[in-house]
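Novice: What follows is a structure written as structure tokens; I'll ask about it next.
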Amino acid sequence: ISHKDILFPELRKFVSRYALEDGKNKKILEIGCGDTVDFKNYFENMGYKYQGVDRNLKFESEFCSIGDMNSLPFSDSEFDIILSVHSFEHCENPVLALREMKRVSRKFIVIFTPFECLHQTCCADLDHINVVNERQIERLFRFVGITKIMIYTQKEGIKLEQDYNLCSFGEV
């Protein structure tokens with residue numbers, strides 16, 4: 001089971017809660033999209049114009065630009081939704097990354113990330129350089145001026161994630 005399979009139910013709840021099913025004339029940016037198309041297909045089926053960004057050159061494609069979350073290659077307020085699925089924990093400067101997300105977002109920032117140091121220790125995933133907990137992610141959101149925040153942990157039987165996953169939604 002993949003990260004995306006686990007997180008789809010939570011993403012669907014978010015989309016439903018904020019009545020975002022009609023994506024006509026709306027744009028979404030997925031940060032750290034890699035080479036998968038799961039979220040791309042999901043949002044395009046609702047009418048969204050999808051754009052991905054990843055810093056790994058091997059993922060460059062018609063729907064994935066090359067870029068870093070600390071310096072996003074997009075205009076201010078270009079996207080309705082910014083989606084980061086298991087990429088925030090890889091950023092070197094979380095404040096700068098959130099400021100960039102806020103800059104290019106018109107409305108929502110959605111972050112799914114593992115939390116607590118146990119994940120990094122158990123999984124020996126040494127490129128997880130920014131592992132946060134609920135209080136830290138809320139403080140980061142507030143520090144960059146995002147005040148409408150919904151944060152919760154998902155504790156399901158996630159074998160690879162050691163049952164630690166943090167879901168954060170911020171409204172700009």
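Residues in the structure tokens are named by chain (A, B, ... in the order shown) and by number from 1 within that chain; ligands are numbered from 1 in the order shown.
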Could you please write out, as a list of chain:residue names, every residue of segment 69-122 of chain A that DSSP assigns to strand (DSSP E)?

Specialist: A:Phe79, A:Asp80, A:Ile81, A:Ile82, A:Leu83, A:Ser84, A:Val85, A:Ser105, A:Arg106, A:Lys107, A:Phe108, A:Ile109, A:Val110, A:Ile111, A:Phe112, A:Thr113

Novice: Select, from A:Leu98, A:Ser16, A:Gly34, A:Phe74, the residue with the minimum atom-to-atom distance to Asn56 of chain A, counting only C-alpha atoms.

Specialist: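 Once distances to Asn56 of chain A are computed over only C-alpha atoms, the minimum belongs to A:Gly34.
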
Novice: Between A:Phe108, A:Phe88, A:Phe43, A:Phe59, which one has atoms that come closest to Tyr18 of chain A, using only C-alpha atoms?

Specialist: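 Checking each of A:Phe108, A:Phe88, A:Phe43, A:Phe59 against Tyr18 of chain A, counting only C-alpha atoms, the winner is A:Phe108.
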
Novice: Under the rule that only C-alpha atoms are counted, which of A:Asn25, A:Ser75, A:Ser87, A:Asn133 is the nearest residue to Val104 of chain A?

Specialist: A:Ser75

Novice: So which residues touch Leu29 of chain A within 7 Å, counting only C-alpha atoms, skipping near sequence neighbours fewer than 5 positions away, as a list in words?

Specialist: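 Skipping anything fewer than 5 positions along the chain leaves Tyr50, Gln51, Gly52, Phe79, Ile81, Ile82 and Leu83 of chain A.
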